[in-house]
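**Q** File coords.cif below, mmCIF, N, CA and C atoms:
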```
data_entry
loop_
_atom_site.label_atom_id
_atom_site.label_comp_id
_atom_site.auth_asym_id
_atom_site.auth_seq_id
_atom_site.Cartn_x
_atom_site.Cartn_y
_atom_site.Cartn_z
N MET A 5 72.67 1.53 261.31
CA MET A 5 73.15 2.16 262.52
C MET A 5 72.99 3.68 262.44
N ARG A 6 73.26 4.21 261.26
CA ARG A 6 73.16 5.66 261.08
C ARG A 6 71.72 6.13 261.27
N ARG A 7 70.76 5.36 260.80
CA ARG A 7 69.35 5.71 260.96
C ARG A 7 68.96 5.75 262.43
N VAL A 8 69.45 4.83 263.20
CA VAL A 8 69.16 4.80 264.64
C VAL A 8 69.73 6.05 265.31
N LEU A 9 70.92 6.43 264.94
CA LEU A 9 71.56 7.62 265.50
C LEU A 9 70.76 8.88 265.15
N ILE A 10 70.35 8.99 263.90
CA ILE A 10 69.56 10.16 263.47
C ILE A 10 68.21 10.18 264.19
N LEU A 11 67.55 9.05 264.28
CA LEU A 11 66.27 8.97 264.97
C LEU A 11 66.41 9.33 266.45
N THR A 12 67.44 8.84 267.10
CA THR A 12 67.69 9.16 268.50
C THR A 12 67.95 10.65 268.68
N THR A 13 68.68 11.25 267.76
CA THR A 13 68.96 12.68 267.82
C THR A 13 67.68 13.49 267.71
N PHE A 14 66.81 13.14 266.77
CA PHE A 14 65.55 13.85 266.61
C PHE A 14 64.63 13.69 267.82
N ILE A 15 64.59 12.51 268.37
CA ILE A 15 63.77 12.30 269.57
C ILE A 15 64.29 13.14 270.72
N GLY A 16 65.59 13.19 270.90
CA GLY A 16 66.18 14.01 271.95
C GLY A 16 65.91 15.49 271.73
N LEU A 17 65.99 15.94 270.49
CA LEU A 17 65.73 17.34 270.17
C LEU A 17 64.28 17.71 270.49
N PHE A 18 63.33 16.88 270.09
CA PHE A 18 61.93 17.18 270.36
C PHE A 18 61.61 17.09 271.85
N ALA A 19 62.28 16.23 272.56
CA ALA A 19 62.07 16.14 274.01
C ALA A 19 62.52 17.42 274.70
N VAL A 20 63.65 17.98 274.26
CA VAL A 20 64.15 19.23 274.83
C VAL A 20 63.21 20.38 274.49
N LEU A 21 62.73 20.44 273.26
CA LEU A 21 61.83 21.52 272.85
C LEU A 21 60.47 21.44 273.52
N GLY A 22 60.04 20.25 273.89
CA GLY A 22 58.74 20.07 274.50
C GLY A 22 58.71 20.27 276.00
N ARG A 23 59.86 20.56 276.59
CA ARG A 23 59.90 20.72 278.05
C ARG A 23 59.16 21.97 278.47
N ALA A 24 58.51 21.88 279.59
CA ALA A 24 57.79 23.02 280.15
C ALA A 24 58.77 24.00 280.79
N GLU A 25 58.40 25.25 280.76
CA GLU A 25 59.17 26.30 281.40
C GLU A 25 58.41 26.80 282.61
N THR A 26 59.11 27.53 283.48
CA THR A 26 58.47 28.10 284.65
C THR A 26 58.46 29.61 284.51
N TYR A 27 57.30 30.20 284.75
CA TYR A 27 57.12 31.65 284.69
C TYR A 27 56.65 32.11 286.06
N THR A 28 57.27 33.17 286.59
CA THR A 28 56.89 33.70 287.90
C THR A 28 56.67 35.20 287.78
N GLY A 29 55.63 35.68 288.45
CA GLY A 29 55.35 37.11 288.42
C GLY A 29 54.00 37.43 289.04
N ASN A 30 53.48 38.61 288.72
CA ASN A 30 52.19 39.05 289.23
C ASN A 30 51.08 38.56 288.31
N LEU A 31 50.08 37.91 288.88
CA LEU A 31 48.92 37.47 288.12
C LEU A 31 47.97 38.65 288.04
N ILE A 32 47.49 38.94 286.83
CA ILE A 32 46.56 40.06 286.66
C ILE A 32 45.33 39.61 285.89
N ASP A 33 44.30 40.44 285.94
CA ASP A 33 43.08 40.24 285.17
C ASP A 33 43.38 40.71 283.74
N ALA A 34 43.41 39.80 282.79
CA ALA A 34 43.80 40.14 281.41
C ALA A 34 42.80 41.06 280.73
N SER A 35 41.55 41.05 281.13
CA SER A 35 40.56 41.94 280.51
C SER A 35 40.89 43.40 280.78
N CYS A 36 41.64 43.65 281.82
CA CYS A 36 42.06 45.01 282.18
C CYS A 36 43.04 45.58 281.16
N LEU A 37 43.74 44.72 280.44
CA LEU A 37 44.74 45.18 279.48
C LEU A 37 44.13 45.96 278.32
N ASP A 38 42.82 45.77 278.07
CA ASP A 38 42.14 46.48 276.99
C ASP A 38 41.73 47.90 277.39
N LYS A 39 41.81 48.21 278.66
CA LYS A 39 41.42 49.53 279.15
C LYS A 39 42.58 50.51 278.98
N PRO A 40 42.28 51.82 278.93
CA PRO A 40 43.37 52.80 278.82
C PRO A 40 44.21 52.85 280.09
N ASN A 41 45.52 52.94 279.92
CA ASN A 41 46.49 53.07 281.01
C ASN A 41 46.37 51.99 282.09
N PRO A 42 46.45 50.72 281.72
CA PRO A 42 46.39 49.67 282.76
C PRO A 42 47.65 49.68 283.61
N THR A 43 47.50 49.42 284.90
CA THR A 43 48.63 49.29 285.82
C THR A 43 48.44 48.02 286.64
N LEU A 44 49.51 47.59 287.30
CA LEU A 44 49.39 46.41 288.15
C LEU A 44 48.35 46.63 289.25
N ALA A 45 48.31 47.84 289.78
CA ALA A 45 47.37 48.13 290.87
C ALA A 45 45.92 48.07 290.41
N THR A 46 45.64 48.50 289.18
CA THR A 46 44.25 48.53 288.71
C THR A 46 43.83 47.23 288.04
N CYS A 47 44.77 46.33 287.81
CA CYS A 47 44.45 45.08 287.11
C CYS A 47 44.50 43.85 288.02
N GLN A 48 44.39 44.03 289.31
CA GLN A 48 44.44 42.89 290.22
C GLN A 48 43.23 41.98 290.01
N PRO A 49 43.44 40.67 289.98
CA PRO A 49 42.33 39.73 289.75
C PRO A 49 41.41 39.65 290.97
N THR A 50 40.16 39.37 290.68
CA THR A 50 39.17 39.14 291.74
C THR A 50 38.59 37.75 291.53
N SER A 51 37.70 37.36 292.41
CA SER A 51 37.08 36.05 292.26
C SER A 51 36.13 36.01 291.06
N GLN A 52 35.83 37.16 290.46
CA GLN A 52 34.99 37.21 289.27
C GLN A 52 35.80 37.24 287.97
N SER A 53 37.11 37.34 288.05
CA SER A 53 37.96 37.38 286.86
C SER A 53 37.88 36.06 286.11
N THR A 54 37.88 36.14 284.78
CA THR A 54 37.80 34.93 283.96
C THR A 54 38.99 34.75 283.03
N THR A 55 39.71 35.83 282.73
CA THR A 55 40.91 35.74 281.89
C THR A 55 42.08 36.33 282.66
N PHE A 56 43.24 35.69 282.53
CA PHE A 56 44.39 36.08 283.33
C PHE A 56 45.64 36.21 282.47
N ALA A 57 46.59 36.97 283.00
CA ALA A 57 47.91 37.10 282.40
C ALA A 57 48.92 37.19 283.52
N LEU A 58 50.16 36.93 283.20
CA LEU A 58 51.24 37.01 284.17
C LEU A 58 52.20 38.10 283.72
N VAL A 59 52.60 38.97 284.65
CA VAL A 59 53.56 40.03 284.36
C VAL A 59 54.82 39.72 285.16
N ASP A 60 55.94 39.51 284.45
CA ASP A 60 57.18 39.18 285.16
C ASP A 60 57.92 40.45 285.58
N ASN A 61 59.08 40.28 286.19
CA ASN A 61 59.86 41.41 286.70
C ASN A 61 60.28 42.40 285.62
N SER A 62 60.45 41.92 284.39
CA SER A 62 60.84 42.81 283.30
C SER A 62 59.62 43.44 282.62
N ARG A 63 58.45 43.26 283.22
CA ARG A 63 57.17 43.80 282.72
C ARG A 63 56.69 43.14 281.44
N LYS A 64 57.20 41.96 281.14
CA LYS A 64 56.71 41.21 279.99
C LYS A 64 55.41 40.52 280.38
N ILE A 65 54.44 40.54 279.48
CA ILE A 65 53.11 40.00 279.76
C ILE A 65 52.94 38.66 279.05
N TYR A 66 52.50 37.66 279.82
CA TYR A 66 52.24 36.32 279.30
C TYR A 66 50.76 36.02 279.51
N LYS A 67 50.00 35.93 278.43
CA LYS A 67 48.58 35.58 278.55
C LYS A 67 48.47 34.06 278.71
N LEU A 68 47.43 33.63 279.43
CA LEU A 68 47.22 32.21 279.68
C LEU A 68 46.22 31.62 278.70
N ASP A 69 46.34 30.33 278.42
CA ASP A 69 45.38 29.65 277.55
C ASP A 69 44.07 29.44 278.30
N GLU A 70 43.08 28.89 277.61
CA GLU A 70 41.74 28.72 278.20
C GLU A 70 41.76 27.83 279.45
N LYS A 71 42.46 26.71 279.37
CA LYS A 71 42.55 25.82 280.55
C LYS A 71 43.32 26.50 281.67
N GLY A 72 44.35 27.26 281.31
CA GLY A 72 45.12 28.00 282.31
C GLY A 72 44.27 29.05 283.01
N ASN A 73 43.38 29.71 282.25
CA ASN A 73 42.46 30.67 282.85
C ASN A 73 41.54 29.98 283.86
N GLY A 74 41.09 28.79 283.53
CA GLY A 74 40.24 28.04 284.45
C GLY A 74 40.98 27.64 285.72
N LYS A 75 42.24 27.21 285.55
CA LYS A 75 43.06 26.84 286.71
C LYS A 75 43.36 28.05 287.59
N ALA A 76 43.63 29.20 286.95
CA ALA A 76 43.91 30.42 287.72
C ALA A 76 42.66 30.89 288.45
N ALA A 77 41.50 30.82 287.80
CA ALA A 77 40.24 31.23 288.45
C ALA A 77 39.96 30.35 289.66
N ALA A 78 40.17 29.05 289.51
CA ALA A 78 39.95 28.14 290.64
C ALA A 78 40.92 28.42 291.77
N ALA A 79 42.17 28.69 291.43
CA ALA A 79 43.18 28.98 292.46
C ALA A 79 42.85 30.27 293.20
N ILE A 80 42.38 31.28 292.48
CA ILE A 80 42.00 32.55 293.11
C ILE A 80 40.82 32.33 294.06
N LYS A 81 39.83 31.58 293.62
CA LYS A 81 38.64 31.34 294.44
C LYS A 81 38.96 30.50 295.68
N ASN A 82 39.95 29.61 295.56
CA ASN A 82 40.30 28.73 296.67
C ASN A 82 41.39 29.29 297.58
N ARG A 83 41.86 30.45 297.25
CA ARG A 83 42.93 31.06 298.04
C ARG A 83 42.47 31.30 299.47
N ALA A 84 43.23 30.84 300.41
CA ALA A 84 42.84 30.89 301.82
C ALA A 84 42.60 32.32 302.31
N ASP A 85 43.47 33.26 301.95
CA ASP A 85 43.32 34.60 302.48
C ASP A 85 42.22 35.40 301.78
N ARG A 86 41.60 34.86 300.74
CA ARG A 86 40.51 35.54 300.06
C ARG A 86 39.17 35.25 300.75
N SER A 87 39.14 34.27 301.62
CA SER A 87 37.87 33.90 302.25
C SER A 87 37.36 34.95 303.23
N ALA A 88 38.23 35.74 303.81
CA ALA A 88 37.78 36.75 304.78
C ALA A 88 37.01 37.86 304.08
N ASP A 89 37.68 38.65 303.27
CA ASP A 89 37.04 39.72 302.52
C ASP A 89 37.92 40.08 301.33
N PRO A 90 37.71 39.42 300.19
CA PRO A 90 38.61 39.59 299.07
C PRO A 90 38.61 40.99 298.47
N ASN A 91 37.59 41.77 298.70
CA ASN A 91 37.50 43.10 298.12
C ASN A 91 37.57 44.20 299.17
N ALA A 92 38.24 43.94 300.27
CA ALA A 92 38.35 44.93 301.34
C ALA A 92 39.11 46.15 300.84
N ALA A 93 38.60 47.31 301.15
CA ALA A 93 39.23 48.56 300.70
C ALA A 93 40.59 48.72 301.36
N GLY A 94 41.55 49.18 300.58
CA GLY A 94 42.89 49.45 301.11
C GLY A 94 43.75 48.22 301.29
N LYS A 95 43.25 47.06 300.95
CA LYS A 95 44.01 45.83 301.11
C LYS A 95 44.97 45.67 299.93
N ALA A 96 46.24 45.52 300.22
CA ALA A 96 47.21 45.26 299.16
C ALA A 96 47.04 43.81 298.74
N ASP A 97 46.51 43.60 297.55
CA ASP A 97 46.13 42.26 297.13
C ASP A 97 46.88 41.83 295.89
N VAL A 98 48.19 41.95 295.91
CA VAL A 98 49.01 41.52 294.79
C VAL A 98 49.05 40.00 294.80
N VAL A 99 48.78 39.41 293.66
CA VAL A 99 48.76 37.95 293.55
C VAL A 99 50.02 37.51 292.80
N ILE A 100 50.89 36.80 293.50
CA ILE A 100 52.11 36.27 292.91
C ILE A 100 51.83 34.84 292.47
N ALA A 101 52.22 34.52 291.24
CA ALA A 101 51.95 33.18 290.72
C ALA A 101 53.22 32.58 290.13
N LYS A 102 53.28 31.26 290.21
CA LYS A 102 54.33 30.48 289.56
C LYS A 102 53.62 29.51 288.62
N ILE A 103 53.90 29.67 287.34
CA ILE A 103 53.20 28.88 286.32
C ILE A 103 54.21 28.01 285.59
N THR A 104 53.85 26.74 285.41
CA THR A 104 54.65 25.82 284.62
C THR A 104 53.86 25.53 283.35
N GLY A 105 54.51 25.72 282.21
CA GLY A 105 53.82 25.48 280.95
C GLY A 105 54.74 25.74 279.77
N THR A 106 54.16 25.74 278.60
CA THR A 106 54.92 25.98 277.37
C THR A 106 54.31 27.15 276.61
N MET A 107 55.17 27.89 275.93
CA MET A 107 54.73 29.05 275.15
C MET A 107 54.32 28.58 273.76
N ASN A 108 53.10 28.93 273.35
CA ASN A 108 52.60 28.59 272.03
C ASN A 108 51.95 29.83 271.43
N ASP A 109 52.56 30.40 270.40
CA ASP A 109 52.02 31.58 269.71
C ASP A 109 51.71 32.72 270.67
N GLY A 110 52.61 32.99 271.62
CA GLY A 110 52.45 34.11 272.54
C GLY A 110 51.53 33.84 273.71
N ILE A 111 51.01 32.63 273.83
CA ILE A 111 50.12 32.27 274.93
C ILE A 111 50.73 31.08 275.67
N VAL A 112 50.71 31.14 277.00
CA VAL A 112 51.27 30.05 277.80
C VAL A 112 50.21 28.96 277.95
N THR A 113 50.57 27.76 277.53
CA THR A 113 49.73 26.59 277.76
C THR A 113 50.09 26.09 279.14
N VAL A 114 49.19 26.29 280.09
CA VAL A 114 49.48 26.05 281.50
C VAL A 114 49.33 24.58 281.86
N GLU A 115 50.37 24.06 282.53
CA GLU A 115 50.31 22.71 283.09
C GLU A 115 49.94 22.80 284.57
N THR A 116 50.64 23.66 285.31
CA THR A 116 50.34 23.85 286.73
C THR A 116 50.43 25.33 287.07
N ILE A 117 49.72 25.71 288.13
CA ILE A 117 49.77 27.09 288.62
C ILE A 117 49.76 27.06 290.14
N GLU A 118 50.67 27.83 290.73
CA GLU A 118 50.72 28.01 292.19
C GLU A 118 50.51 29.49 292.48
N ILE A 119 49.64 29.78 293.41
CA ILE A 119 49.40 31.17 293.79
C ILE A 119 49.84 31.39 295.21
N ARG A 120 50.57 32.47 295.42
CA ARG A 120 51.03 32.83 296.77
C ARG A 120 50.33 34.08 297.22
#
```
Translate the structure of the given file into structure tokens.

**A**
Amino acid sequence: MRRVLILTTFIGLFAVLGRAETYTGNLIDASCLDKPNPTLATCQPTSQSTTFALVDNSRKIYKLDEKGNGKAAAAIKNRADRSADPNAAGKADVVIAKITGTMNDGIVTVETIEIR
């Protein structure tokens, strides 16, 4: 009986640790982070962006995994309001994203991504 209780406890513990978290913030082009003095305004993603990161309200940066980068690129390309003119001058093009995933070694393993 004790073994069953211990096994059940461990299964419950791993289930809680394996749950996905939700991250919300500004989606940015992660390649911009290597440039001097990056800002949210200068790091906005375009349809040509291939690597992405999320910046939350506290300015913490979450880089996305390879599959997450692919999902973010597809979401950016399929965004309805980008079809008119995604690079129009003077257009405020802040991309807000909601990402569900798990943190692994400082990188978010993305399960789902929603772009607003």

**Q** Leaving out segment 105-116 of chain A and any residue of its chain fewer than 6 positions from it, which residues lie within 5 Å of it when counting only N, CA and C atoms, given as an MDAnalysis selection string?

**A** chainID A and resid 24:25 67:69 72

**Q** Work out how far apart atom CA of Ala78 of chain A and atom C of Ser51 of chain A are and give it in Å to one decimal.

**A**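 Taking atom CA of Ala78 of chain A as the start and atom C of Ser51 of chain A as the end point, the length is 8.8 Å.
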
**Q** Decode the PyMOL selection byres ((chain A and resi 55) around 6.5) for the given file into explicit residues and return them as a list in words.

**A**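 Evaluating the PyMOL selection byres ((chain A and resi 55) around 6.5) on these coordinates yields Ile32, Asp33, Ala34, Ser35, Ser53, Thr54, Phe56, Ala57 and Asn73 of chain A.
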
**Q** Find the distance between atom CA of Thr43 of chain A and atom CA of Lys71 of chain A and write it in Å to one decimal.

**A**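 Those two atoms sit 24.8 Å apart.
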
**Q** Go through A:Leu44, A:Val98, A:Ala76, A:Leu58 and flag the residue nearest Glu118 of chain A, using only C-alpha atoms for the distances.

**A**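 Among the listed residues, the smallest separation from Glu118 of chain A belongs to A:Ala76.
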
**Q** Go through the shown structure with the PyMOL selection byres ((chain A and resi 120) around 8) and write out the matching residues as a PyMOL selection string.

**A** chain A and resi 98-102+117-119

**Q** Could you jot down the atom CA of Tyr66 of chain A to atom CA of Gln52 of chain A separation for me, Å, one decimal place?

**A**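 Taking atom CA of Tyr66 of chain A as the start and atom CA of Gln52 of chain A as the end point, the length is 19.9 Å.
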
**Q** Point out the residue among A:Pro49, A:Ala79, A:Pro42, A:Val59 with the least atom-to-atom distance to Thr28 of chain A, counting all atoms listed in the file.

**A**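 Once distances to Thr28 of chain A are computed over all atoms listed in the file, the minimum belongs to A:Val59.
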
**Q** Write down as number ranges by chain the residues of segment 28-85 of chain A whose backbone DSSP state falls under helix (DSSP H, G or I).

**A** A: 34-38, 70-82, 84-85

**Q** Nearest to Cys47 of chain A: which of A:Leu31, A:Arg23, A:Glu70, A:Asp60 is it, counting all atoms listed in the file?

**A**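 Under the stated criterion, the closest residue is A:Leu31.
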